[in-house]
Amino acid sequence: TYQETPDATGDIAVNEKALSPRRGGPKNLPIAEVLVDDEDSDTMKEQKEKPKLVILGTGWGSVAMLKELVPGDYHVTVVSPTNYFLFTPMLPSATVGTLEFRSLTEPIRRIVNRVRGHFLQAEAVDVEFTEKLVEVKAVDAHGQEQHFYLPYDKLIVGVGSTTNAHGVKGLENCNFLKSIEDARLIKQKILHNMELACLPTTSDEERRRLLSFVISGGGPTGVEFAAELYDMLNEDLLHSFPRILRNEVSVHVIQSRGHILNTYDEALSVYAEKRFEHDQVEVLTNARVKEVKPDRILFSQMEDGKSVTKELPMGFCLWSTGVAQTELSQKIAKKLGDFQTNRHALETDTHLRLLGAPLGDVYAIGDCSTVQNNIADHLTTFLRGIAFEKGKDPDKVHLTFQEWRNVAHTVRRRFPQAAAHLKRVDKLFEEYDKDKSGTLDFGEIHELLVQIDSKLTSLPATAQRANQQGQYLGRKFNKIAAAIPGFRANEVDFGDLDEAVYKAFEYHHLGSLAYIGNAAVFDFNGLNFSGGLMAVYLWRSIYFAQSVSIRTRLLLAMDWTKRALFGRDLMSE
Ligand code: FAD
C-alpha cells in the first residue's frame, strides 16, 4: 500500500502514506504528519490522537526512557542513525575478541515496539522551536539525501556526544572507540599489524613500530582499552603468533594530566599506574599530543620545567581524549542564544527542560546535556532548614569543621564532580576561620558554595547519568499522562505541568569503576577499593541487568564461557 509518488511540487518523491502533501516550516519541506503502521486498527486510530513524543537518539538516555514509558500514552517516534542500543561499558572487551559485537547490542525496534512506537533510521539536523518541527535527514535507496519535518508536542534530545579533536592534526591516522563499527576497525587493525609483523619481509624496526600501540587519553575508556589490549597480547596473541617476542610489543598511554583516571580518587589513580608499570604498560603523564602522523605520534612533555617535543613510532593510535558537542547540539545552542552559555553541552533546568525552548516542549538528557546545578542555592536551603529545626536565626548559623564535613559529604554524594573542589574548600575553611573560633558563619559558607558552583560545568558524561535521566523522564511523562483525564494532544497545554506532577531530577552517584587488567578500581563517593576480575563483572552485570535484554545476557554468558574454554576470538570480522 506504500507508494512512491511525486509530492505536491513534483521535485522529490515522497511516501504518500507517511508524508502528507503538506509542506511547511521555514524551509518549506514536506511534513511527516503522523506515522502509523496500520491506520485502520483501533490502537493506531487512538494513537493518532495522542501527543506526539519525538525522541532523538537510541543511546542510554533514550532507551532508559523508552523502557519506563507506559505503552499507548504517547504517539512515540524515535529518530536515530543507529538502529540498535549499544552497551558501551563493555565495548573495550569487544575490540579484543573477549566479547562478540552482537552481545553488546539490542535491536532498537524491539524496545520501540513495546510502546507501540515508530523508528526512523535517520538523523535530526535542526529544530524549529516555534513551529514544533524537527528537521530530519534520511538517505534514500538511491543514496540521495532527503529532508523532511517531523512535528512534535514533546521532544527529547538524547543525541550523545562526539569525539573531541582538541585541534590536533592527523586524527585520520587514529582509531576511535564509540561505536560497534569503531570496535570492529580496532580489532581488524590490531590483527593486521600482528600479521604484518610476522612477514619475513618486515624489518626488525618496522616490526617494533607495527607492534607499538599508543592510547592518547588516560580517562576510563583509554585505560580500559589499554588493559584489555594488554590482556589479549599476553593471554592469546603471543601464543597464536609465536614469531613475535613479548619485548617487541609495547603499549603506551599518553595523558595530559599528572595522573591517569584523574577524575577518580588519587589513591586509585596511583594504584592503576603501579599496576600498569608492573604490566609494562608505559604511562606518559603531563604529555600533550601535538600531531599524529601515519607512523609516529608527536607530543610535548614537561621536563625540568621545560616543554620538550618527543616522538613515538607507532602502528596503532587510539584517540580517546574526551567528548565534544554534536553538530545538532551546537546548532540548537546557537539558536537559543543567551539561554545557552555552556560550550560543552546543552543546558537544562533541574526538570531537564532545555533552557530557552518554550517551557515544557523540549528536554535534553545524557551526554549532550548538562543540568544547571545551583549547588549554592540547594545547600543554602538545606542549611537554613537545619537552622530552622534548631530554632536559630538562619543568618547567624555557625558550622564547626565537623558539621561542615557532614554537609560536604551530602554535596559529594549528590554532586560527585564537586569532590575535588570540596577538598579545596576544606583548606579554605581554615583560611576563612580568621577569628580562630573553629566555625564558619552562614554567609561565608554560602560564598564558598558559590565558588564551587562557578567551577562546576556539568555532571559526568556517563551511562549512569544518562540512564537515570532517561528513567526520570519516562516516569514523569507517565505521571503527566495520568494527571490529565482523556489525555489528548490538542487539549493539553503542557506549560509547567512538570513541576506540578513530579520532583526535580536528582542524580545519585553509584560510584565509578575502571577495569585495569584482571583487576578493577572502584570509587564510591570517596570510599575506594580495588578488586579482582569477578568483582569487575559483578559490577557490570548490575548495569547489564538493568539495561539489556535476556537475549543479550545469554549471549554474554556464552561469550565468557567460550573465552574460558577456547581463548579469545582472533578473527578479523
Ligand atoms: P549515547 O549512548 O552516545 O547515544 C546517542 C545516540 O544518539 C546514538 O544512538 C546516536 O546514534 C544518536 N544520534 C547522534 N546524533 C544524532 C542525531 N543528529 N539525530 C538523531 N540521533 C542521533 N559510562 C559509564 O557510566 N560507565 C562505563 O563503564 C562507561 N564506559 C564507556 C566505554 C566506552 C568505550 C564509551 C565510548 C563510553 C563509556 N561510557 C561509560 C560513557 C557512556 O557510554 C555515555 O555516557 C552514554 O552512552 C551516554 O548516553 P547518551 O544516551 O547520552 O548518548
# chains A, B, ... in the order shown; residues from 1 in each chain; ligands from 1
>>> select_by_dssp(residues="region 109-347 of chain A", states="strand (DSSP E or B)", output="PyMOL selection string")
chain A and resi 118-121+123-128+133-139+145-151+154-157+162-163+169+175+212-216+250-254+281-284+287-292+296-303+306-313+316-319+323-324+346-347
>>> write_last_selection(atoms="C-alpha atoms", output="PDB file, in the first residue's frame")
ATOM      1  CA  HIS A 118       7.880   4.058  15.378  1.00  0.00           C
ATOM      2  CA  PHE A 119      11.517   4.138  14.434  1.00  0.00           C
ATOM      3  CA  LEU A 120      13.160   6.136  11.658  1.00  0.00           C
ATOM      4  CA  GLN A 121      16.770   5.388  10.778  1.00  0.00           C
ATOM      5  CA  GLU A 123      19.430  11.972  11.583  1.00  0.00           C
ATOM      6  CA  ALA A 124      17.910  15.062  13.148  1.00  0.00           C
ATOM      7  CA  VAL A 125      19.644  18.124  11.719  1.00  0.00           C
ATOM      8  CA  ASP A 126      17.708  21.067  13.149  1.00  0.00           C
ATOM      9  CA  VAL A 127      14.785  22.029  15.374  1.00  0.00           C
ATOM     10  CA  GLU A 128      12.218  24.773  14.690  1.00  0.00           C
ATOM     11  CA  LEU A 133       9.190  20.715  13.970  1.00  0.00           C
ATOM     12  CA  VAL A 134      12.347  18.603  13.859  1.00  0.00           C
ATOM     13  CA  GLU A 135      14.185  18.673  10.538  1.00  0.00           C
ATOM     14  CA  VAL A 136      15.203  15.133   9.676  1.00  0.00           C
ATOM     15  CA  LYS A 137      17.722  13.978   7.070  1.00  0.00           C
ATOM     16  CA  ALA A 138      17.457  10.480   5.639  1.00  0.00           C
ATOM     17  CA  VAL A 139      19.390   8.808   2.862  1.00  0.00           C
ATOM     18  CA  GLU A 145      19.653  12.863   0.973  1.00  0.00           C
ATOM     19  CA  GLN A 146      16.009  13.623   1.716  1.00  0.00           C
ATOM     20  CA  HIS A 147      14.960  16.248   4.254  1.00  0.00           C
ATOM     21  CA  PHE A 148      11.555  16.457   5.899  1.00  0.00           C
ATOM     22  CA  TYR A 149       9.941  17.800   9.058  1.00  0.00           C
ATOM     23  CA  LEU A 150       8.651  15.690  11.912  1.00  0.00           C
ATOM     24  CA  PRO A 151       6.149  17.518  14.130  1.00  0.00           C
ATOM     25  CA  LYS A 154       7.240  16.955  23.178  1.00  0.00           C
ATOM     26  CA  LEU A 155      10.809  16.495  22.015  1.00  0.00           C
ATOM     27  CA  ILE A 156      13.641  14.646  23.790  1.00  0.00           C
ATOM     28  CA  VAL A 157      17.185  15.401  22.659  1.00  0.00           C
ATOM     29  CA  THR A 162      31.187  13.228  19.576  1.00  0.00           C
ATOM     30  CA  THR A 163      34.976  12.833  19.741  1.00  0.00           C
ATOM     31  CA  LYS A 169      46.328  17.447  13.379  1.00  0.00           C
ATOM     32  CA  ASN A 175      41.147   4.886  15.662  1.00  0.00           C
ATOM     33  CA  SER A 212      53.775  -0.168  19.245  1.00  0.00           C
ATOM     34  CA  PHE A 213      50.222   0.599  20.439  1.00  0.00           C
ATOM     35  CA  VAL A 214      49.539   4.147  21.631  1.00  0.00           C
ATOM     36  CA  ILE A 215      46.478   5.278  23.571  1.00  0.00           C
ATOM     37  CA  SER A 216      46.002   9.018  23.633  1.00  0.00           C
ATOM     38  CA  SER A 250      54.727  -2.111  23.576  1.00  0.00           C
ATOM     39  CA  VAL A 251      51.649  -0.304  24.926  1.00  0.00           C
ATOM     40  CA  HIS A 252      51.836   3.427  25.791  1.00  0.00           C
ATOM     41  CA  VAL A 253      49.223   5.685  27.407  1.00  0.00           C
ATOM     42  CA  ILE A 254      49.678   9.427  26.809  1.00  0.00           C
ATOM     43  CA  VAL A 281      52.246  -0.537  30.040  1.00  0.00           C
ATOM     44  CA  GLU A 282      54.089   2.783  29.746  1.00  0.00           C
ATOM     45  CA  VAL A 283      52.223   5.771  31.187  1.00  0.00           C
ATOM     46  CA  LEU A 284      53.410   9.172  29.933  1.00  0.00           C
ATOM     47  CA  ALA A 287      52.172  14.945  27.938  1.00  0.00           C
ATOM     48  CA  ARG A 288      50.174  16.626  25.152  1.00  0.00           C
ATOM     49  CA  VAL A 289      49.775  15.162  21.694  1.00  0.00           C
ATOM     50  CA  LYS A 290      50.636  17.717  19.003  1.00  0.00           C
ATOM     51  CA  GLU A 291      50.242  15.717  15.822  1.00  0.00           C
ATOM     52  CA  VAL A 292      49.553  12.154  14.737  1.00  0.00           C
ATOM     53  CA  ARG A 296      54.504   8.157  14.661  1.00  0.00           C
ATOM     54  CA  ILE A 297      52.998  10.437  17.213  1.00  0.00           C
ATOM     55  CA  LEU A 298      54.463  13.808  18.223  1.00  0.00           C
ATOM     56  CA  PHE A 299      53.854  15.041  21.760  1.00  0.00           C
ATOM     57  CA  SER A 300      55.242  17.565  24.188  1.00  0.00           C
ATOM     58  CA  GLN A 301      56.119  16.693  27.769  1.00  0.00           C
ATOM     59  CA  MET A 302      57.313  18.780  30.687  1.00  0.00           C
ATOM     60  CA  GLU A 303      60.891  18.021  31.722  1.00  0.00           C
ATOM     61  CA  LYS A 306      60.553  22.953  30.151  1.00  0.00           C
ATOM     62  CA  SER A 307      58.294  21.627  27.421  1.00  0.00           C
ATOM     63  CA  VAL A 308      60.176  19.112  25.270  1.00  0.00           C
ATOM     64  CA  THR A 309      58.809  17.728  21.977  1.00  0.00           C
ATOM     65  CA  LYS A 310      59.120  13.961  21.627  1.00  0.00           C
ATOM     66  CA  GLU A 311      58.315  11.333  19.008  1.00  0.00           C
ATOM     67  CA  LEU A 312      56.996   7.821  19.425  1.00  0.00           C
ATOM     68  CA  PRO A 313      56.899   5.409  16.457  1.00  0.00           C
ATOM     69  CA  PHE A 316      48.190   1.989  16.088  1.00  0.00           C
ATOM     70  CA  CYS A 317      46.795   5.011  17.935  1.00  0.00           C
ATOM     71  CA  LEU A 318      43.500   5.138  19.837  1.00  0.00           C
ATOM     72  CA  TRP A 319      42.172   8.679  20.258  1.00  0.00           C
ATOM     73  CA  VAL A 323      33.908  14.355  24.259  1.00  0.00           C
ATOM     74  CA  ALA A 324      32.529  17.364  22.394  1.00  0.00           C
ATOM     75  CA  LEU A 346      23.018  21.864  26.220  1.00  0.00           C
ATOM     76  CA  GLU A 347      21.881  23.424  29.471  1.00  0.00           C
TER      77      GLU A 347
END
>>> residues_near_ligand(ligand="ligand 1", cutoff="6 Å", atoms="only C-alpha atoms and all ligand atoms", output="PyMOL selection string")
chain A and resi 56-62+79-82+88-89+91-92+123-125+158-161+177-178+221+328+366-368+461-464+466
>>> closest_residue(among="A:Tyr152, A:Asn247, A:Leu86, A:Gln340", to="Ala32 (chain A)", atoms="only C-alpha atoms")
A:Tyr152
>>> residues_around(residues="Arg207 (chain A)", least_positions_apart="6", cutoff="9 Å", atoms="only C-alpha atoms", output="ChimeraX atom specification")
/A:193-194,196-198,244,248-249
>>> residues_around(residues="Gly517 (chain A)", least_positions_apart="3", cutoff="10 Å", atoms="only C-alpha atoms", output="PDB file with N, CA, C and O atoms, in the first residue's frame")
ATOM      1  N   VAL A 223      42.121   3.858  29.489  1.00  0.00           N
ATOM      2  CA  VAL A 223      42.742   2.935  30.445  1.00  0.00           C
ATOM      3  C   VAL A 223      42.167   1.521  30.266  1.00  0.00           C
ATOM      4  O   VAL A 223      42.906   0.531  30.248  1.00  0.00           O
ATOM      5  N   GLU A 224      40.851   1.438  30.113  1.00  0.00           N
ATOM      6  CA  GLU A 224      40.241   0.108  29.962  1.00  0.00           C
ATOM      7  C   GLU A 224      40.686  -0.559  28.665  1.00  0.00           C
ATOM      8  O   GLU A 224      40.941  -1.754  28.634  1.00  0.00           O
ATOM      9  N   PHE A 225      40.782   0.248  27.601  1.00  0.00           N
ATOM     10  CA  PHE A 225      41.236  -0.337  26.342  1.00  0.00           C
ATOM     11  C   PHE A 225      42.677  -0.838  26.492  1.00  0.00           C
ATOM     12  O   PHE A 225      43.005  -1.950  26.058  1.00  0.00           O
ATOM     13  N   ALA A 226      43.542  -0.023  27.118  1.00  0.00           N
ATOM     14  CA  ALA A 226      44.947  -0.423  27.309  1.00  0.00           C
ATOM     15  C   ALA A 226      45.003  -1.743  28.086  1.00  0.00           C
ATOM     16  O   ALA A 226      45.776  -2.650  27.744  1.00  0.00           O
ATOM     17  N   ALA A 227      44.163  -1.871  29.109  1.00  0.00           N
ATOM     18  CA  ALA A 227      44.157  -3.080  29.930  1.00  0.00           C
ATOM     19  C   ALA A 227      43.692  -4.297  29.131  1.00  0.00           C
ATOM     20  O   ALA A 227      44.281  -5.377  29.201  1.00  0.00           O
ATOM     21  N   GLU A 228      42.619  -4.098  28.344  1.00  0.00           N
ATOM     22  CA  GLU A 228      42.096  -5.211  27.536  1.00  0.00           C
ATOM     23  C   GLU A 228      43.136  -5.646  26.499  1.00  0.00           C
ATOM     24  O   GLU A 228      43.327  -6.827  26.247  1.00  0.00           O
ATOM     25  N   LEU A 229      43.794  -4.648  25.888  1.00  0.00           N
ATOM     26  CA  LEU A 229      44.792  -4.933  24.868  1.00  0.00           C
ATOM     27  C   LEU A 229      45.954  -5.721  25.483  1.00  0.00           C
ATOM     28  O   LEU A 229      46.411  -6.725  24.932  1.00  0.00           O
ATOM     29  N   TYR A 230      46.384  -5.261  26.637  1.00  0.00           N
ATOM     30  CA  TYR A 230      47.485  -5.918  27.329  1.00  0.00           C
ATOM     31  C   TYR A 230      47.117  -7.387  27.629  1.00  0.00           C
ATOM     32  O   TYR A 230      47.901  -8.302  27.388  1.00  0.00           O
ATOM     33  N   ASP A 231      45.882  -7.586  28.136  1.00  0.00           N
ATOM     34  CA  ASP A 231      45.427  -8.955  28.447  1.00  0.00           C
ATOM     35  C   ASP A 231      45.464  -9.826  27.199  1.00  0.00           C
ATOM     36  O   ASP A 231      45.931 -10.957  27.220  1.00  0.00           O
ATOM     37  N   MET A 232      44.955  -9.268  26.095  1.00  0.00           N
ATOM     38  CA  MET A 232      44.890 -10.069  24.876  1.00  0.00           C
ATOM     39  C   MET A 232      46.298 -10.416  24.379  1.00  0.00           C
ATOM     40  O   MET A 232      46.559 -11.552  24.000  1.00  0.00           O
ATOM     41  N   ALA A 272      46.365   2.314  39.879  1.00  0.00           N
ATOM     42  CA  ALA A 272      46.279   1.900  38.466  1.00  0.00           C
ATOM     43  C   ALA A 272      47.628   2.105  37.775  1.00  0.00           C
ATOM     44  O   ALA A 272      48.061   1.259  36.984  1.00  0.00           O
ATOM     45  N   ARG A 275      50.002  -0.623  38.769  1.00  0.00           N
ATOM     46  CA  ARG A 275      49.619  -1.877  38.107  1.00  0.00           C
ATOM     47  C   ARG A 275      50.116  -1.879  36.650  1.00  0.00           C
ATOM     48  O   ARG A 275      50.659  -2.864  36.168  1.00  0.00           O
ATOM     49  N   PHE A 276      49.938  -0.754  35.975  1.00  0.00           N
ATOM     50  CA  PHE A 276      50.406  -0.642  34.594  1.00  0.00           C
ATOM     51  C   PHE A 276      51.926  -0.762  34.522  1.00  0.00           C
ATOM     52  O   PHE A 276      52.467  -1.381  33.616  1.00  0.00           O
ATOM     53  N   ASP A 279      52.831  -4.223  34.693  1.00  0.00           N
ATOM     54  CA  ASP A 279      52.472  -4.943  33.465  1.00  0.00           C
ATOM     55  C   ASP A 279      53.214  -4.416  32.233  1.00  0.00           C
ATOM     56  O   ASP A 279      52.876  -4.780  31.106  1.00  0.00           O
ATOM     57  N   ALA A 514      36.790   1.262  36.972  1.00  0.00           N
ATOM     58  CA  ALA A 514      37.617   1.116  35.766  1.00  0.00           C
ATOM     59  C   ALA A 514      38.326  -0.218  35.821  1.00  0.00           C
ATOM     60  O   ALA A 514      38.849  -0.622  36.864  1.00  0.00           O
ATOM     61  N   ALA A 520      40.174  -4.319  39.037  1.00  0.00           N
ATOM     62  CA  ALA A 520      39.411  -3.102  38.790  1.00  0.00           C
ATOM     63  C   ALA A 520      39.581  -2.143  39.947  1.00  0.00           C
ATOM     64  O   ALA A 520      39.897  -2.564  41.060  1.00  0.00           O
ATOM     65  N   GLY A 532      39.306  -8.003  42.177  1.00  0.00           N
ATOM     66  CA  GLY A 532      39.680  -8.873  41.065  1.00  0.00           C
ATOM     67  C   GLY A 532      38.631  -8.904  39.972  1.00  0.00           C
ATOM     68  O   GLY A 532      37.639  -8.171  40.000  1.00  0.00           O
ATOM     69  N   LEU A 533      38.848  -9.773  39.019  1.00  0.00           N
ATOM     70  CA  LEU A 533      38.030  -9.835  37.822  1.00  0.00           C
ATOM     71  C   LEU A 533      36.551 -10.124  38.099  1.00  0.00           C
ATOM     72  O   LEU A 533      35.667  -9.538  37.487  1.00  0.00           O
TER      73      LEU A 533
END
>>> atom_distance(atom1="CA of Thr285 (chain A)", atom2="CA of Ser320 (chain A)")
14.9 Å
>>> closest_residue(among="A:Gly511, A:Thr348, A:Pro220, A:Arg116", to="Leu336 (chain A)", atoms="only C-alpha atoms")
A:Thr348
>>> residues_around(residues="region 468-485 of chain A", least_positions_apart="5", cutoff="10 Å", atoms="only C-alpha atoms", output="PyMOL selection string")
chain A and resi 50-51+53+59-71+73-74+154+156+158+351-352+363-366+463+491-492+494+497-509
>>> select_by_dssp(residues="region 111-261 of chain A", states="helix (DSSP H, G or I)", output="PyMOL selection string")
chain A and resi 111-114+171-173+180-198+204-210+220-240+246-248
>>> residues_around(residues="Glu235 (chain A)", least_positions_apart="2", cutoff="12 Å", atoms="only C-alpha atoms", output="PyMOL selection string")
chain A and resi 96-98+227-233+237-241+246+517-518+563-564+566-570
>>> write_last_selection(atoms="N, CA and C atoms", output="PDB file, in the first residue's frame")
ATOM      1  N   VAL A  96      38.921  -6.664  21.443  1.00  0.00           N
ATOM      2  CA  VAL A  96      39.970  -7.680  21.509  1.00  0.00           C
ATOM      3  C   VAL A  96      39.392  -9.099  21.460  1.00  0.00           C
ATOM      4  N   GLY A  97      38.124  -9.203  21.083  1.00  0.00           N
ATOM      5  CA  GLY A  97      37.538 -10.522  20.872  1.00  0.00           C
ATOM      6  C   GLY A  97      37.107 -11.253  22.134  1.00  0.00           C
ATOM      7  N   THR A  98      37.109 -10.574  23.306  1.00  0.00           N
ATOM      8  CA  THR A  98      36.609 -11.235  24.520  1.00  0.00           C
ATOM      9  C   THR A  98      35.103 -11.416  24.395  1.00  0.00           C
ATOM     10  N   ALA A 227      44.163  -1.871  29.109  1.00  0.00           N
ATOM     11  CA  ALA A 227      44.157  -3.080  29.930  1.00  0.00           C
ATOM     12  C   ALA A 227      43.692  -4.297  29.131  1.00  0.00           C
ATOM     13  N   GLU A 228      42.619  -4.098  28.344  1.00  0.00           N
ATOM     14  CA  GLU A 228      42.096  -5.211  27.536  1.00  0.00           C
ATOM     15  C   GLU A 228      43.136  -5.646  26.499  1.00  0.00           C
ATOM     16  N   LEU A 229      43.794  -4.648  25.888  1.00  0.00           N
ATOM     17  CA  LEU A 229      44.792  -4.933  24.868  1.00  0.00           C
ATOM     18  C   LEU A 229      45.954  -5.721  25.483  1.00  0.00           C
ATOM     19  N   TYR A 230      46.384  -5.261  26.637  1.00  0.00           N
ATOM     20  CA  TYR A 230      47.485  -5.918  27.329  1.00  0.00           C
ATOM     21  C   TYR A 230      47.117  -7.387  27.629  1.00  0.00           C
ATOM     22  N   ASP A 231      45.882  -7.586  28.136  1.00  0.00           N
ATOM     23  CA  ASP A 231      45.427  -8.955  28.447  1.00  0.00           C
ATOM     24  C   ASP A 231      45.464  -9.826  27.199  1.00  0.00           C
ATOM     25  N   MET A 232      44.955  -9.268  26.095  1.00  0.00           N
ATOM     26  CA  MET A 232      44.890 -10.069  24.876  1.00  0.00           C
ATOM     27  C   MET A 232      46.298 -10.416  24.379  1.00  0.00           C
ATOM     28  N   LEU A 233      47.187  -9.422  24.416  1.00  0.00           N
ATOM     29  CA  LEU A 233      48.552  -9.669  23.941  1.00  0.00           C
ATOM     30  C   LEU A 233      49.192 -10.786  24.754  1.00  0.00           C
ATOM     31  N   LEU A 237      47.513 -13.566  22.030  1.00  0.00           N
ATOM     32  CA  LEU A 237      48.216 -13.282  20.783  1.00  0.00           C
ATOM     33  C   LEU A 237      49.598 -13.891  20.719  1.00  0.00           C
ATOM     34  N   LEU A 238      50.332 -13.820  21.828  1.00  0.00           N
ATOM     35  CA  LEU A 238      51.700 -14.299  21.760  1.00  0.00           C
ATOM     36  C   LEU A 238      51.749 -15.822  21.588  1.00  0.00           C
ATOM     37  N   HIS A 239      50.674 -16.510  22.030  1.00  0.00           N
ATOM     38  CA  HIS A 239      50.600 -17.968  21.768  1.00  0.00           C
ATOM     39  C   HIS A 239      50.284 -18.211  20.301  1.00  0.00           C
ATOM     40  N   SER A 240      49.379 -17.388  19.767  1.00  0.00           N
ATOM     41  CA  SER A 240      48.980 -17.586  18.371  1.00  0.00           C
ATOM     42  C   SER A 240      50.038 -17.103  17.399  1.00  0.00           C
ATOM     43  N   PHE A 241      50.881 -16.162  17.829  1.00  0.00           N
ATOM     44  CA  PHE A 241      51.932 -15.616  16.956  1.00  0.00           C
ATOM     45  C   PHE A 241      53.298 -15.888  17.586  1.00  0.00           C
ATOM     46  N   ARG A 246      57.620 -11.071  23.241  1.00  0.00           N
ATOM     47  CA  ARG A 246      56.880 -10.152  24.107  1.00  0.00           C
ATOM     48  C   ARG A 246      57.533  -8.772  24.161  1.00  0.00           C
ATOM     49  N   GLY A 517      42.998  -4.478  33.923  1.00  0.00           N
ATOM     50  CA  GLY A 517      43.759  -5.684  33.578  1.00  0.00           C
ATOM     51  C   GLY A 517      43.638  -6.722  34.671  1.00  0.00           C
ATOM     52  N   ASN A 518      42.671  -7.616  34.548  1.00  0.00           N
ATOM     53  CA  ASN A 518      42.378  -8.654  35.545  1.00  0.00           C
ATOM     54  C   ASN A 518      42.175  -8.087  36.946  1.00  0.00           C
ATOM     55  N   ARG A 563      35.298 -17.958  25.832  1.00  0.00           N
ATOM     56  CA  ARG A 563      36.642 -17.404  26.048  1.00  0.00           C
ATOM     57  C   ARG A 563      37.415 -18.266  27.044  1.00  0.00           C
ATOM     58  N   ALA A 564      36.726 -18.705  28.118  1.00  0.00           N
ATOM     59  CA  ALA A 564      37.393 -19.528  29.129  1.00  0.00           C
ATOM     60  C   ALA A 564      37.848 -20.859  28.533  1.00  0.00           C
ATOM     61  N   PHE A 566      38.123 -21.687  25.011  1.00  0.00           N
ATOM     62  CA  PHE A 566      38.897 -21.691  23.763  1.00  0.00           C
ATOM     63  C   PHE A 566      39.762 -20.449  23.564  1.00  0.00           C
ATOM     64  N   GLY A 567      39.764 -19.512  24.510  1.00  0.00           N
ATOM     65  CA  GLY A 567      40.522 -18.274  24.330  1.00  0.00           C
ATOM     66  C   GLY A 567      39.717 -17.278  23.514  1.00  0.00           C
ATOM     67  N   ARG A 568      40.325 -16.123  23.251  1.00  0.00           N
ATOM     68  CA  ARG A 568      39.600 -15.068  22.531  1.00  0.00           C
ATOM     69  C   ARG A 568      39.433 -15.396  21.055  1.00  0.00           C
ATOM     70  N   ASP A 569      38.426 -14.757  20.476  1.00  0.00           N
ATOM     71  CA  ASP A 569      38.153 -14.935  19.049  1.00  0.00           C
ATOM     72  C   ASP A 569      39.073 -13.990  18.264  1.00  0.00           C
ATOM     73  N   LEU A 570      40.094 -14.561  17.588  1.00  0.00           N
ATOM     74  CA  LEU A 570      41.086 -13.710  16.932  1.00  0.00           C
ATOM     75  C   LEU A 570      40.886 -13.600  15.426  1.00  0.00           C
TER      76      LEU A 570
END
>>> residues_around(residues="Gly117 (chain A)", least_positions_apart="3", cutoff="7 Å", atoms="only C-alpha atoms", output="list in words")
His75, Val76, Thr77, Val112 and Asn113 of chain A
>>> write_last_selection(atoms="all heavy atoms", output="PDB file, in the first residue's frame")
ATOM      1  N   HIS A  75       2.148   9.121  21.275  1.00  0.00           N
ATOM      2  CA  HIS A  75       2.450   8.624  19.937  1.00  0.00           C
ATOM      3  C   HIS A  75       3.955   8.819  19.761  1.00  0.00           C
ATOM      4  O   HIS A  75       4.434   9.922  19.490  1.00  0.00           O
ATOM      5  CB  HIS A  75       1.661   9.430  18.900  1.00  0.00           C
ATOM      6  CG  HIS A  75       1.851   8.922  17.526  1.00  0.00           C
ATOM      7  ND1 HIS A  75       2.958   9.222  16.769  1.00  0.00           N
ATOM      8  CD2 HIS A  75       1.077   8.107  16.766  1.00  0.00           C
ATOM      9  CE1 HIS A  75       2.858   8.612  15.602  1.00  0.00           C
ATOM     10  NE2 HIS A  75       1.720   7.940  15.575  1.00  0.00           N
ATOM     11  N   VAL A  76       4.711   7.717  19.961  1.00  0.00           N
ATOM     12  CA  VAL A  76       6.172   7.828  20.062  1.00  0.00           C
ATOM     13  C   VAL A  76       6.852   7.611  18.703  1.00  0.00           C
ATOM     14  O   VAL A  76       6.556   6.642  18.007  1.00  0.00           O
ATOM     15  CB  VAL A  76       6.714   6.763  21.052  1.00  0.00           C
ATOM     16  CG1 VAL A  76       8.229   6.870  21.184  1.00  0.00           C
ATOM     17  CG2 VAL A  76       6.053   6.903  22.417  1.00  0.00           C
ATOM     18  N   THR A  77       7.768   8.506  18.344  1.00  0.00           N
ATOM     19  CA  THR A  77       8.630   8.286  17.169  1.00  0.00           C
ATOM     20  C   THR A  77      10.079   8.491  17.592  1.00  0.00           C
ATOM     21  O   THR A  77      10.416   9.520  18.180  1.00  0.00           O
ATOM     22  CB  THR A  77       8.289   9.256  16.022  1.00  0.00           C
ATOM     23  OG1 THR A  77       6.895   9.172  15.761  1.00  0.00           O
ATOM     24  CG2 THR A  77       9.068   8.915  14.762  1.00  0.00           C
ATOM     25  N   VAL A 112      11.331  -0.217  20.888  1.00  0.00           N
ATOM     26  CA  VAL A 112      10.325   0.751  20.443  1.00  0.00           C
ATOM     27  C   VAL A 112       8.944   0.079  20.316  1.00  0.00           C
ATOM     28  O   VAL A 112       7.915   0.670  20.652  1.00  0.00           O
ATOM     29  CB  VAL A 112      10.759   1.385  19.089  1.00  0.00           C
ATOM     30  CG1 VAL A 112       9.662   2.244  18.506  1.00  0.00           C
ATOM     31  CG2 VAL A 112      12.026   2.212  19.276  1.00  0.00           C
ATOM     32  N   ASN A 113       8.942  -1.178  19.878  1.00  0.00           N
ATOM     33  CA  ASN A 113       7.668  -1.884  19.710  1.00  0.00           C
ATOM     34  C   ASN A 113       6.895  -1.997  21.018  1.00  0.00           C
ATOM     35  O   ASN A 113       5.675  -2.019  21.033  1.00  0.00           O
ATOM     36  CB  ASN A 113       7.900  -3.297  19.159  1.00  0.00           C
ATOM     37  CG  ASN A 113       8.259  -3.250  17.687  1.00  0.00           C
ATOM     38  OD1 ASN A 113       8.159  -2.201  17.064  1.00  0.00           O
ATOM     39  ND2 ASN A 113       8.714  -4.373  17.147  1.00  0.00           N
TER      40      ASN A 113
END
>>> atom_distance(atom1="CA of Met571 (chain A)", atom2="CA of Ile190 (chain A)")
10.7 Å
>>> decode(residues="region 313-330 of chain A", atoms="C-alpha atoms", output="PDB file, in the first residue's frame")
ATOM      1  CA  PRO A 313      56.899   5.409  16.457  1.00  0.00           C
ATOM      2  CA  MET A 314      53.561   3.611  16.400  1.00  0.00           C
ATOM      3  CA  GLY A 315      51.481   1.210  14.380  1.00  0.00           C
ATOM      4  CA  PHE A 316      48.190   1.989  16.088  1.00  0.00           C
ATOM      5  CA  CYS A 317      46.795   5.011  17.935  1.00  0.00           C
ATOM      6  CA  LEU A 318      43.500   5.138  19.837  1.00  0.00           C
ATOM      7  CA  TRP A 319      42.172   8.679  20.258  1.00  0.00           C
ATOM      8  CA  SER A 320      40.099   8.852  23.445  1.00  0.00           C
ATOM      9  CA  THR A 321      40.611  12.301  24.874  1.00  0.00           C
ATOM     10  CA  GLY A 322      37.120  13.273  25.908  1.00  0.00           C
ATOM     11  CA  VAL A 323      33.908  14.355  24.259  1.00  0.00           C
ATOM     12  CA  ALA A 324      32.529  17.364  22.394  1.00  0.00           C
ATOM     13  CA  GLN A 325      29.094  18.566  21.253  1.00  0.00           C
ATOM     14  CA  THR A 326      27.474  17.016  18.179  1.00  0.00           C
ATOM     15  CA  GLU A 327      26.608  19.247  15.220  1.00  0.00           C
ATOM     16  CA  LEU A 328      22.934  19.159  16.165  1.00  0.00           C
ATOM     17  CA  SER A 329      23.630  20.233  19.760  1.00  0.00           C
ATOM     18  CA  GLN A 330      25.840  23.081  18.541  1.00  0.00           C
TER      19      GLN A 330
END
